[in-house]
>>> print(open('my_file_34.txt').read())   # compact mmCIF, C-alpha atoms and all ligand atoms
# COMPACT_ATOMS: atom_id res chain seq x y z
CA MET A 97 339.75 126.21 99.18
CA LYS A 98 338.62 129.67 100.26
CA TYR A 99 336.08 129.62 103.13
CA ILE A 100 336.77 125.91 103.72
CA SER A 101 340.48 125.37 104.36
CA GLU A 102 340.71 128.13 106.98
CA TYR A 103 338.01 126.34 108.98
CA ARG A 104 340.03 123.10 108.89
CA ASP A 105 343.39 124.54 109.91
CA PRO A 106 345.13 121.97 112.17
CA GLY A 107 347.19 124.61 114.00
CA LEU A 108 344.13 126.64 114.92
CA ALA A 109 342.32 123.45 115.91
CA GLU A 110 345.17 122.55 118.28
CA ARG A 111 345.06 126.03 119.83
CA LEU A 112 341.32 125.82 120.34
CA LEU A 113 341.65 122.36 121.84
CA ALA A 114 344.34 123.62 124.21
CA ARG A 115 342.03 126.45 125.32
CA ILE A 116 339.15 124.06 125.85
CA ARG A 117 341.37 121.75 127.93
CA GLU A 118 342.53 124.72 129.97
CA ARG A 119 339.03 126.09 130.56
CA SER A 120 337.31 122.82 131.27
CA THR A 121 337.45 121.81 134.92
CA ARG A 122 334.33 119.70 135.39
CA PRO A 123 332.14 117.21 133.51
CA LEU A 124 329.77 118.84 131.03
CA ARG A 125 327.28 117.18 128.75
CA LEU A 126 326.71 118.92 125.42
CA MET A 127 324.19 117.96 122.76
CA GLU A 128 324.53 118.74 119.09
CA PHE A 129 321.04 119.15 117.76
CA CYS A 130 321.81 118.97 114.07
CA GLY A 131 322.57 115.88 111.97
CA GLY A 132 325.11 117.91 109.99
CA HIS A 133 327.01 118.50 113.22
CA THR A 134 326.77 114.81 114.12
CA VAL A 135 328.48 113.93 110.84
CA SER A 136 331.23 116.55 111.26
CA ILE A 137 331.91 115.48 114.84
CA ALA A 138 332.30 111.86 113.71
CA ARG A 139 334.20 112.71 110.53
CA TYR A 140 336.84 114.84 112.24
CA GLY A 141 337.07 112.71 115.38
CA ILE A 142 336.09 115.68 117.56
CA ARG A 143 334.58 113.48 120.26
CA GLN A 144 337.94 111.72 120.67
CA LEU A 145 339.94 114.98 120.67
CA LEU A 146 338.00 116.63 123.47
CA PRO A 147 338.74 116.01 127.15
CA SER A 148 336.84 112.95 128.35
CA ARG A 149 334.93 115.08 130.87
CA LEU A 150 333.14 116.73 127.93
CA GLU A 151 330.44 114.33 126.83
CA MET A 152 328.98 114.92 123.37
CA LEU A 153 325.49 113.58 122.68
CA SER A 154 323.55 113.64 119.42
CA GLY A 155 320.02 115.00 119.32
CA PRO A 156 316.96 114.91 117.06
CA GLY A 157 318.39 117.01 114.22
CA CYS A 158 318.32 114.60 111.31
CA PRO A 159 315.07 115.33 109.44
CA VAL A 160 314.85 111.91 107.80
CA CYS A 161 315.51 110.14 111.11
CA VAL A 162 312.88 112.04 113.09
CA THR A 163 310.12 111.49 110.55
CA ALA A 164 307.84 109.08 112.38
CA ASN A 165 306.61 105.88 110.78
CA LYS A 166 303.11 107.29 111.15
CA ASP A 167 304.11 109.95 108.56
CA LEU A 168 306.31 107.71 106.41
CA ASP A 169 303.37 105.33 106.04
CA LYS A 170 301.33 108.19 104.54
CA ALA A 171 303.99 108.74 101.85
CA ILE A 172 303.91 105.05 101.04
CA ALA A 173 300.11 105.00 100.89
CA LEU A 174 300.23 107.93 98.46
CA ALA A 175 302.82 106.15 96.29
CA ARG A 176 300.47 103.19 96.00
CA ILE A 177 297.62 105.24 94.51
CA PRO A 178 297.33 104.28 90.81
CA GLY A 179 298.62 107.03 88.51
CA MET A 180 300.32 108.90 91.35
CA ILE A 181 303.87 110.26 90.98
CA VAL A 182 305.65 110.70 94.32
CA THR A 183 308.77 112.86 94.35
CA THR A 184 311.24 112.89 97.20
CA PHE A 185 314.80 113.63 98.19
CA GLY A 186 317.01 110.53 97.83
CA ASP A 187 317.55 109.87 101.54
CA MET A 188 313.86 109.06 101.99
CA MET A 189 313.83 106.21 99.47
CA LYS A 190 315.40 103.53 101.65
CA VAL A 191 313.90 104.50 104.99
CA PRO A 192 312.00 101.50 106.31
CA ALA A 193 308.44 102.48 107.26
CA SER A 194 306.01 100.15 109.03
CA HIS A 195 305.68 97.59 106.26
CA SER A 196 307.58 98.88 103.25
CA SER A 197 309.76 101.68 101.90
CA LEU A 198 309.41 104.06 98.97
CA GLN A 199 312.16 102.09 97.24
CA GLN A 200 310.17 98.89 97.66
CA VAL A 201 307.00 100.52 96.32
CA LYS A 202 309.01 101.69 93.32
CA ALA A 203 310.34 98.15 92.78
CA GLU A 204 306.74 96.94 92.83
CA GLY A 205 305.83 99.36 90.02
CA GLY A 206 305.00 102.55 91.89
CA ASP A 207 306.15 105.80 90.28
CA VAL A 208 308.51 107.21 92.91
CA ARG A 209 311.13 109.65 91.67
CA ILE A 210 314.15 111.18 93.36
CA VAL A 211 314.38 114.93 92.92
CA TYR A 212 317.06 117.40 93.95
CA SER A 213 314.76 120.36 94.49
CA THR A 214 311.13 121.37 94.50
CA GLN A 215 311.78 122.87 91.05
CA ASP A 216 312.36 119.32 89.76
CA ALA A 217 309.04 118.24 91.28
CA LEU A 218 307.24 121.22 89.71
CA GLU A 219 308.79 120.35 86.35
CA ILE A 220 307.50 116.78 86.63
CA ALA A 221 304.03 118.17 87.42
CA ARG A 222 304.18 120.47 84.39
CA GLY A 223 305.19 117.55 82.20
CA ASN A 224 302.44 115.26 83.50
CA PRO A 225 299.37 117.50 83.69
CA ASN A 226 296.95 114.58 83.89
CA ARG A 227 298.66 112.88 86.82
CA PRO A 228 298.91 113.98 90.44
CA VAL A 229 302.47 114.75 91.59
CA VAL A 230 303.21 114.80 95.32
CA PHE A 231 306.39 116.22 96.83
CA ILE A 232 307.26 114.73 100.23
CA GLY A 233 308.09 117.83 102.28
CA ILE A 234 310.43 116.81 105.07
CA GLY A 235 312.97 118.92 106.91
CA PHE A 236 313.12 121.73 109.41
CA GLU A 237 312.85 125.50 109.06
CA THR A 238 315.71 125.25 106.56
CA THR A 239 313.73 123.57 103.80
CA ALA A 240 310.21 124.77 104.55
CA PRO A 241 310.70 128.18 102.81
CA THR A 242 311.66 126.56 99.48
CA VAL A 243 308.69 124.22 99.70
CA ALA A 244 306.47 127.22 100.46
CA ALA A 245 307.90 128.96 97.39
CA SER A 246 307.03 125.92 95.25
CA VAL A 247 303.40 126.04 96.41
CA LEU A 248 303.21 129.73 95.58
CA GLN A 249 304.75 129.05 92.17
CA ALA A 250 302.27 126.23 91.49
CA ARG A 251 299.44 128.61 92.40
CA ARG A 252 300.88 131.36 90.20
CA GLU A 253 301.36 129.10 87.18
CA GLY A 254 298.10 127.19 87.68
CA ILE A 255 299.86 123.84 88.21
CA GLY A 256 296.83 122.21 89.81
CA ASN A 257 298.30 118.68 89.92
CA TYR A 258 301.15 119.63 92.31
CA TYR A 259 300.72 118.62 95.95
CA VAL A 260 302.85 118.68 99.07
CA LEU A 261 302.76 116.14 101.88
CA SER A 262 304.02 118.40 104.64
CA GLN A 263 306.02 116.64 107.31
CA HIS A 264 308.08 119.70 108.17
CA LYS A 265 309.18 120.18 111.73
CA LEU A 266 310.18 123.10 113.91
CA CYS A 267 313.26 122.95 116.12
CA PRO A 268 312.67 125.21 119.17
CA PRO A 269 309.52 123.33 120.31
CA VAL A 270 311.28 119.96 120.26
CA ILE A 271 314.28 121.39 122.11
CA LYS A 272 311.82 122.51 124.78
CA ALA A 273 310.14 119.08 124.81
CA LEU A 274 313.51 117.35 125.29
CA LEU A 275 314.52 119.68 128.10
CA ASP A 276 311.10 119.38 129.76
CA SER A 277 311.30 115.60 129.70
CA GLY A 278 314.37 115.75 131.96
CA GLU A 279 315.41 112.40 130.54
CA VAL A 280 318.92 113.62 129.75
CA LYS A 281 320.57 116.28 131.85
CA LEU A 282 322.34 118.71 129.53
CA ASP A 283 324.74 121.58 130.18
CA GLY A 284 324.85 123.04 126.70
CA LEU A 285 323.30 122.94 123.26
CA ILE A 286 325.15 123.15 119.97
CA CYS A 287 322.35 124.81 118.05
CA PRO A 288 321.75 124.06 114.38
CA GLY A 289 323.51 126.20 111.79
CA HIS A 290 321.25 125.97 108.75
CA VAL A 291 318.02 126.19 110.74
CA SER A 292 319.37 129.24 112.56
CA ALA A 293 320.28 130.88 109.25
CA ILE A 294 316.50 131.06 108.77
CA ILE A 295 315.10 131.58 112.27
CA GLY A 296 318.09 133.39 113.82
CA SER A 297 319.38 132.83 117.34
CA ARG A 298 316.63 134.65 119.25
CA PRO A 299 314.18 131.71 119.35
CA TYR A 300 316.65 129.88 121.65
CA GLU A 301 316.60 132.56 124.34
CA PHE A 302 314.24 130.47 126.48
CA VAL A 303 316.98 127.83 126.86
CA PRO A 304 319.43 129.73 129.11
CA ARG A 305 316.59 131.70 130.71
CA ASP A 306 314.35 128.78 131.68
CA TYR A 307 316.78 125.87 131.87
CA GLY A 308 320.09 127.51 132.80
CA ILE A 309 322.09 125.86 130.06
CA GLY A 310 324.32 127.33 127.37
CA CYS A 311 323.30 127.73 123.75
CA VAL A 312 325.71 128.39 120.88
CA VAL A 313 324.86 128.27 117.17
CA SER A 314 327.57 126.47 115.24
CA GLY A 315 328.69 126.05 111.64
CA PHE A 316 329.73 122.70 110.27
CA GLU A 317 333.49 122.81 109.82
CA PRO A 318 335.71 121.37 112.56
CA LEU A 319 336.89 124.80 113.75
CA ASP A 320 333.28 126.00 113.91
CA ILE A 321 332.41 123.14 116.21
CA LEU A 322 335.52 123.48 118.37
CA LEU A 323 334.87 127.21 118.74
CA CYS A 324 331.27 126.44 119.71
CA VAL A 325 332.41 123.91 122.33
CA ASP A 326 334.94 126.42 123.64
CA MET A 327 332.21 129.06 124.00
CA LEU A 328 329.87 126.63 125.74
CA VAL A 329 332.60 125.56 128.16
CA ALA A 330 333.39 129.22 128.88
CA GLN A 331 329.69 129.97 129.53
CA MET A 332 329.16 127.04 131.86
CA GLU A 333 332.49 127.33 133.70
CA THR A 334 331.60 130.94 134.54
CA SER A 335 327.92 130.10 135.21
CA GLN A 336 326.80 132.55 132.54
CA PRO A 337 324.65 130.57 130.14
CA ARG A 338 323.41 132.61 127.20
CA VAL A 339 322.72 132.47 123.47
CA GLU A 340 325.74 133.13 121.28
CA ILE A 341 326.61 132.62 117.64
CA ALA A 342 329.81 130.83 116.60
CA TYR A 343 328.69 130.91 112.96
CA LYS A 344 328.48 134.61 112.24
CA ARG A 345 329.19 134.17 108.54
CA GLY A 346 325.86 132.32 108.24
CA VAL A 347 323.58 133.39 111.07
CA LYS A 348 322.20 136.69 112.35
CA PRO A 349 320.23 137.02 115.59
CA GLU A 350 317.11 138.04 113.66
CA GLY A 351 317.46 135.31 111.01
CA ASN A 352 316.25 135.67 107.45
CA GLN A 353 313.01 137.63 107.63
CA VAL A 354 312.20 137.13 103.94
CA ALA A 355 312.34 133.34 104.32
CA ILE A 356 310.35 133.47 107.57
CA ARG A 357 307.60 135.54 105.92
CA LEU A 358 307.53 133.16 102.96
CA MET A 359 307.19 130.16 105.24
CA ASP A 360 304.49 131.84 107.35
CA SER A 361 302.49 132.85 104.28
CA VAL A 362 302.00 129.24 103.15
CA PHE A 363 302.29 127.16 106.34
CA GLU A 364 300.68 127.31 109.73
CA VAL A 365 301.92 125.69 112.91
CA THR A 366 300.47 122.35 113.91
CA ASP A 367 301.52 119.43 116.11
CA GLY A 368 304.51 117.43 114.85
CA HIS A 369 305.10 113.69 115.18
CA TRP A 370 308.70 112.85 116.04
CA ARG A 371 310.25 109.41 116.00
CA GLY A 372 311.09 108.38 119.54
CA ILE A 373 309.70 111.58 121.03
CA GLY A 374 306.05 111.43 120.05
CA THR A 375 303.68 114.28 119.29
CA VAL A 376 305.13 117.65 120.23
CA PRO A 377 302.60 120.50 120.28
CA GLY A 378 303.35 123.29 117.84
CA SER A 379 306.36 121.55 116.29
CA GLY A 380 304.96 120.83 112.82
CA LEU A 381 303.86 122.77 109.76
CA LYS A 382 300.78 122.24 107.62
CA LEU A 383 299.58 124.12 104.57
CA ARG A 384 297.20 126.96 105.34
CA SER A 385 293.59 126.39 104.30
CA GLU A 386 293.91 128.78 101.34
CA TYR A 387 296.44 126.33 99.85
CA SER A 388 294.48 123.17 100.67
CA MET A 389 294.14 122.35 96.96
CA HIS A 390 297.90 121.63 97.07
CA ASP A 391 297.76 119.71 100.37
CA ALA A 392 298.16 115.98 99.66
CA GLU A 393 296.58 115.02 102.98
CA GLU A 394 293.50 117.13 102.24
CA VAL A 395 293.05 115.98 98.65
CA PHE A 396 293.80 112.25 98.85
CA ALA A 397 292.05 109.89 101.24
CA ILE A 398 294.91 107.98 102.87
CA SER A 399 294.58 105.85 105.97
CA PRO A 400 297.75 103.82 106.35
CA GLY A 401 296.76 102.19 109.64
CA GLU A 402 298.66 101.87 112.89
CA PRO A 403 302.43 102.38 112.59
CA VAL A 404 304.85 99.59 113.52
CA GLU A 405 308.41 100.29 114.71
CA PRO A 406 311.41 98.25 113.46
CA ARG A 407 312.09 95.47 115.95
CA GLY A 408 315.26 95.96 118.00
CA CYS A 409 316.05 99.40 116.57
CA VAL A 410 316.83 102.09 119.16
CA CYS A 411 316.73 105.10 116.81
CA GLY A 412 314.11 106.71 119.05
CA GLU A 413 316.40 106.60 122.09
CA ILE A 414 319.37 107.79 120.03
CA LEU A 415 317.35 110.79 118.82
CA ARG A 416 316.56 111.66 122.45
CA GLY A 417 320.24 111.40 123.43
CA VAL A 418 319.53 108.49 125.74
CA LYS A 419 321.52 105.95 123.72
CA THR A 420 324.27 105.96 121.13
CA PRO A 421 324.62 103.73 118.05
CA ARG A 422 327.04 101.54 120.01
CA ASP A 423 324.20 100.73 122.42
CA CYS A 424 322.17 99.15 119.63
CA PRO A 425 322.63 95.37 119.43
CA LEU A 426 321.94 95.50 115.68
CA PHE A 427 324.64 98.08 114.88
CA ARG A 428 327.09 96.69 112.29
CA ARG A 429 325.44 93.28 112.60
CA GLU A 430 321.93 93.10 111.15
CA CYS A 431 321.99 96.86 110.47
CA SER A 432 324.39 98.50 108.02
CA PRO A 433 324.09 101.17 105.29
CA GLU A 434 323.54 98.37 102.74
CA ASN A 435 320.83 96.79 104.85
CA PRO A 436 319.45 99.48 107.17
CA VAL A 437 316.97 98.51 109.86
CA GLY A 438 316.23 102.05 111.01
CA PRO A 439 316.40 105.57 109.57
CA CYS A 440 319.49 106.59 111.57
CA MET A 441 321.46 104.17 109.39
CA VAL A 442 319.83 105.35 106.13
CA SER A 443 320.22 109.08 106.28
CA SER A 444 323.55 110.66 105.43
CA GLU A 445 322.98 112.76 108.58
CA GLY A 446 321.99 109.85 110.80
CA SER A 447 323.98 109.05 113.94
CA CYS A 448 324.29 105.37 113.10
CA ALA A 449 325.42 106.04 109.52
CA ALA A 450 327.98 108.58 110.79
CA ALA A 451 329.29 106.20 113.46
CA TYR A 452 329.48 103.40 110.90
CA MET A 453 331.15 105.51 108.23
CA TYR A 454 333.79 107.10 110.45
CA GLY A 455 334.50 104.17 112.73
CA GLU A 456 333.27 105.69 115.97
CA HIS A 457 332.37 102.14 117.07
CA ASP A 458 336.07 101.35 117.43
CA GLY A 459 337.30 104.65 118.81
CA GLY A 460 337.23 106.78 115.67
S1 LIG B 501 322.04 100.62 114.27
FE1 LIG B 501 320.28 100.35 112.93
S2 LIG B 501 318.78 99.27 114.17
FE2 LIG B 501 320.29 100.17 115.54
S3 LIG B 501 319.47 102.15 116.13
FE3 LIG B 501 320.80 102.47 114.37
S4 LIG B 501 319.40 102.37 112.63
FE4 LIG B 501 318.29 101.46 114.35
>>> encode(input="my_file_34.txt", output="structure tokens", more="lines below")
Ligand code: SF4
Amino acid sequence: MKYISEYRDPGLAERLLARIRERSTRPLRLMEFCGGHTVSIARYGIRQLLPSRLEMLSGPGCPVCVTANKDLDKAIALARIPGMIVTTFGDMMKVPASHSSLQQVKAEGGDVRIVYSTQDALEIARGNPNRPVVFIGIGFETTAPTVAASVLQARREGIGNYYVLSQHKLCPPVIKALLDSGEVKLDGLICPGHVSAIIGSRPYEFVPRDYGIGCVVSGFEPLDILLCVDMLVAQMETSQPRVEIAYKRGVKPEGNQVAIRLMDSVFEVTDGHWRGIGTVPGSGLKLRSEYSMHDAEEVFAISPGEPVEPRGCVCGEILRGVKTPRDCPLFRRECSPENPVGPCMVSSEGSCAAAYMYGEHDGG
């Protein structure tokens, strides 16, 4: 398949692996930020193919996984309001919040609907003009522009019963928070591909400058990731950390200015609440005051109470790169995709789901 098969070519993969083995002389610890990368690394057995001195850690790049219970509980409280229609992407349905899940609320009679885009949510709002319709806005800079566009469209068309619960998060501030914590010593970052298609590669320039570690934006095919690892190894072996792009077919240094302007016109930066990391200043997005009539948190009085974390689940540590799914005593025992205890097992981009699906627990 054009644009796919050439990025999965086994011969090229072997050549890249040989170059990495040749270049790599010392232990390096690399973190892939993005959940899409986590899945590809597990799916193609990249961790097992690389020299053992290259340690690959997963970071907080799965948007479902990093949504804190504090925020999930708000979605559930909204779904329990009589007459309310809550719309969400499918991954969110099964995520266990403090005391329930959206799926459970639906089973109890709540009107929770899976949508595939904000256009679906707008259509539901058009078709139900006398009922409030909330779209649960999760995701990073990748999804925020489309949610912003939906708010503008609702304003334009006078769809007054369409609301957004914004739980969007921004990547560079949480990267900074992780590096500042010093909890995990990293040598290189595999920067997110889709997020960088929007924001570009320039927002990562503080990483090599202030922390002395490499930074390469990667695509999602196995050759993309191997090329990215090769570039990071080359940077660190020559002590020249910098920002580079290994995904030039998708990412420009300046990003997508149209999408950035769209996002900025509807959202403003606020603090973000991250599972396992806590509140990170300037890492969230909320609707600007001129769009408050579409802001679910402004319009509906919800007070879900104190959040409770799932007992025994170490998703928080996994998202910080401190632990792996294999370190969780519940992995493949009490916790499985059929019966998930934490979000990292629910989301298709979660580390635990990827490790379960592709057998990383037994060597890949
Ligand atoms: S295996 Fe399940 S309980 Fe353990 S960290 Fe992953 S999601 Fe949480």
>>> residues_around(input="my_file_34.txt", residues="Thr242 (chain A)", least_positions_apart="5", cutoff="10 Å", atoms="all atoms listed in the file", output="ChimeraX atom specification")
/A:213-215,233,237,247-248,355,358-359
>>> write_last_selection(input="my_file_34.txt", atoms="C-alpha atoms", output="PDB file, in the frame of the given file")
ATOM      1  CA  SER A 213     314.760 120.360  94.490  1.00  0.00           C
ATOM      2  CA  THR A 214     311.130 121.370  94.500  1.00  0.00           C
ATOM      3  CA  GLN A 215     311.780 122.870  91.050  1.00  0.00           C
ATOM      4  CA  GLY A 233     308.090 117.830 102.280  1.00  0.00           C
ATOM      5  CA  GLU A 237     312.850 125.500 109.060  1.00  0.00           C
ATOM      6  CA  VAL A 247     303.400 126.040  96.410  1.00  0.00           C
ATOM      7  CA  LEU A 248     303.210 129.730  95.580  1.00  0.00           C
ATOM      8  CA  ALA A 355     312.340 133.340 104.320  1.00  0.00           C
ATOM      9  CA  LEU A 358     307.530 133.160 102.960  1.00  0.00           C
ATOM     10  CA  MET A 359     307.190 130.160 105.240  1.00  0.00           C
TER      11      MET A 359
END
>>> residues_near_ligand(input="my_file_34.txt", ligand="ligand LIG 501 (chain B)", cutoff="9 Å", atoms="only C-alpha atoms and all ligand atoms", output="PyMOL selection string")
chain A and resi 161+406-414+419-433+435-442+446-449+452
>>> axis_aligned_box(input="my_file_34.txt", around="region 101-104 of chain A", padding_each_side="3 Å", output="AutoDock Vina command-line options")
--center_x 339.4 --center_y 125.6 --center_z 106.7 --size_x 8.7 --size_y 11.0 --size_z 10.6
>>> closest_atom_pairs(input="my_file_34.txt", of="region 256-338 of chain A", to="region 109-123 of chain A", cutoff="8 Å", atoms="all atoms listed in the file", output="tab-separated table")
residue	atom	partner	partner_atom	distance
A:Pro318	CA	A:Ala109	CA	7.7
A:Leu319	CA	A:Ala109	CA	6.0
A:Leu322	CA	A:Leu112	CA	6.6
A:Leu323	CA	A:Leu112	CA	6.8
A:Val325	CA	A:Ile116	CA	7.6
A:Asp326	CA	A:Ile116	CA	5.3
A:Val329	CA	A:Ser120	CA	6.3
A:Ala330	CA	A:Arg119	CA	6.7
A:Glu333	CA	A:Ser120	CA	7.0
>>> closest_residue(input="my_file_34.txt", among="A:Val229, A:Leu266, A:Ile137, A:Met188", to="Leu174 (chain A)", atoms="all atoms listed in the file")
A:Val229
>>> residues_around(input="my_file_34.txt", residues="region 143-160 of chain A", least_positions_apart="4", cutoff="6 Å", atoms="all atoms listed in the file", output="ChimeraX atom specification")
/A:123-131,235,415-417,445
>>> residues_around(input="my_file_34.txt", residues="Ala164 (chain A)", least_positions_apart="2", cutoff="9 Å", atoms="all atoms listed in the file", output="ChimeraX atom specification")
/A:160-162,166-169,193,369-372,374,403
>>> residues_around(input="my_file_34.txt", residues="Phe231 (chain A)", least_positions_apart="6", cutoff="7 Å", atoms="all atoms listed in the file", output="PyMOL selection string")
chain A and resi 182-184+217+259-261
>>> atom_distance(input="my_file_34.txt", atom1="CA of Ser136 (chain A)", atom2="CA of Leu108 (chain A)")
16.8 Å
>>> residues_around(input="my_file_34.txt", residues="Ala244 (chain A)", least_positions_apart="6", cutoff="9 Å", atoms="only C-alpha atoms", output="PyMOL selection string")
chain A and resi 358-363+383
>>> build_atoms(input="my_file_34.txt", residues="region 203-211 of chain A", atoms="all heavy atoms", output="PDB file, in the coordinates of the input")
ATOM      1  N   ALA A 203     309.990  99.462  93.360  1.00  0.00           N
ATOM      2  CA  ALA A 203     310.340  98.150  92.780  1.00  0.00           C
ATOM      3  C   ALA A 203     309.075  97.365  92.408  1.00  0.00           C
ATOM      4  O   ALA A 203     309.093  96.552  91.482  1.00  0.00           O
ATOM      5  CB  ALA A 203     311.178  97.359  93.781  1.00  0.00           C
ATOM      6  N   GLU A 204     308.005  97.648  93.126  1.00  0.00           N
ATOM      7  CA  GLU A 204     306.740  96.940  92.830  1.00  0.00           C
ATOM      8  C   GLU A 204     305.935  97.632  91.723  1.00  0.00           C
ATOM      9  O   GLU A 204     304.824  97.244  91.432  1.00  0.00           O
ATOM     10  CB  GLU A 204     305.890  96.873  94.117  1.00  0.00           C
ATOM     11  CG  GLU A 204     306.481  95.948  95.188  1.00  0.00           C
ATOM     12  CD  GLU A 204     305.937  96.210  96.584  1.00  0.00           C
ATOM     13  OE1 GLU A 204     305.036  97.056  96.740  1.00  0.00           O
ATOM     14  OE2 GLU A 204     306.437  95.573  97.531  1.00  0.00           O
ATOM     15  N   GLY A 205     306.504  98.699  91.149  1.00  0.00           N
ATOM     16  CA  GLY A 205     305.830  99.360  90.020  1.00  0.00           C
ATOM     17  C   GLY A 205     305.307 100.740  90.305  1.00  0.00           C
ATOM     18  O   GLY A 205     304.789 101.411  89.403  1.00  0.00           O
ATOM     19  N   GLY A 206     305.435 101.197  91.558  1.00  0.00           N
ATOM     20  CA  GLY A 206     305.000 102.550  91.890  1.00  0.00           C
ATOM     21  C   GLY A 206     305.911 103.591  91.227  1.00  0.00           C
ATOM     22  O   GLY A 206     307.088 103.333  90.996  1.00  0.00           O
ATOM     23  N   ASP A 207     305.353 104.760  90.935  1.00  0.00           N
ATOM     24  CA  ASP A 207     306.150 105.800  90.280  1.00  0.00           C
ATOM     25  C   ASP A 207     306.702 106.759  91.341  1.00  0.00           C
ATOM     26  O   ASP A 207     306.075 107.765  91.689  1.00  0.00           O
ATOM     27  CB  ASP A 207     305.280 106.553  89.257  1.00  0.00           C
ATOM     28  CG  ASP A 207     306.134 107.349  88.271  1.00  0.00           C
ATOM     29  OD1 ASP A 207     307.330 107.557  88.568  1.00  0.00           O
ATOM     30  OD2 ASP A 207     305.599 107.762  87.228  1.00  0.00           O
ATOM     31  N   VAL A 208     307.850 106.399  91.879  1.00  0.00           N
ATOM     32  CA  VAL A 208     308.510 107.210  92.910  1.00  0.00           C
ATOM     33  C   VAL A 208     309.802 107.737  92.304  1.00  0.00           C
ATOM     34  O   VAL A 208     310.616 106.956  91.814  1.00  0.00           O
ATOM     35  CB  VAL A 208     308.808 106.383  94.174  1.00  0.00           C
ATOM     36  CG1 VAL A 208     309.408 107.276  95.259  1.00  0.00           C
ATOM     37  CG2 VAL A 208     307.562 105.684  94.685  1.00  0.00           C
ATOM     38  N   ARG A 209     309.970 109.057  92.331  1.00  0.00           N
ATOM     39  CA  ARG A 209     311.130 109.650  91.670  1.00  0.00           C
ATOM     40  C   ARG A 209     311.951 110.492  92.638  1.00  0.00           C
ATOM     41  O   ARG A 209     311.387 111.263  93.418  1.00  0.00           O
ATOM     42  CB  ARG A 209     310.676 110.535  90.502  1.00  0.00           C
ATOM     43  CG  ARG A 209     309.776 109.788  89.520  1.00  0.00           C
ATOM     44  CD  ARG A 209     309.472 110.642  88.319  1.00  0.00           C
ATOM     45  NE  ARG A 209     308.400 110.031  87.523  1.00  0.00           N
ATOM     46  CZ  ARG A 209     307.956 110.507  86.371  1.00  0.00           C
ATOM     47  NH1 ARG A 209     308.490 111.619  85.860  1.00  0.00           N
ATOM     48  NH2 ARG A 209     306.984 109.900  85.712  1.00  0.00           N
ATOM     49  N   ILE A 210     313.261 110.340  92.543  1.00  0.00           N
ATOM     50  CA  ILE A 210     314.150 111.180  93.360  1.00  0.00           C
ATOM     51  C   ILE A 210     314.311 112.535  92.675  1.00  0.00           C
ATOM     52  O   ILE A 210     314.540 112.590  91.462  1.00  0.00           O
ATOM     53  CB  ILE A 210     315.525 110.508  93.518  1.00  0.00           C
ATOM     54  CG1 ILE A 210     315.382 109.232  94.369  1.00  0.00           C
ATOM     55  CG2 ILE A 210     316.531 111.458  94.164  1.00  0.00           C
ATOM     56  CD1 ILE A 210     316.658 108.447  94.511  1.00  0.00           C
ATOM     57  N   VAL A 211     314.155 113.585  93.454  1.00  0.00           N
ATOM     58  CA  VAL A 211     314.380 114.930  92.920  1.00  0.00           C
ATOM     59  C   VAL A 211     315.438 115.625  93.783  1.00  0.00           C
ATOM     60  O   VAL A 211     315.699 115.215  94.912  1.00  0.00           O
ATOM     61  CB  VAL A 211     313.078 115.774  92.900  1.00  0.00           C
ATOM     62  CG1 VAL A 211     312.093 115.227  91.881  1.00  0.00           C
ATOM     63  CG2 VAL A 211     312.441 115.846  94.281  1.00  0.00           C
TER      64      VAL A 211
END
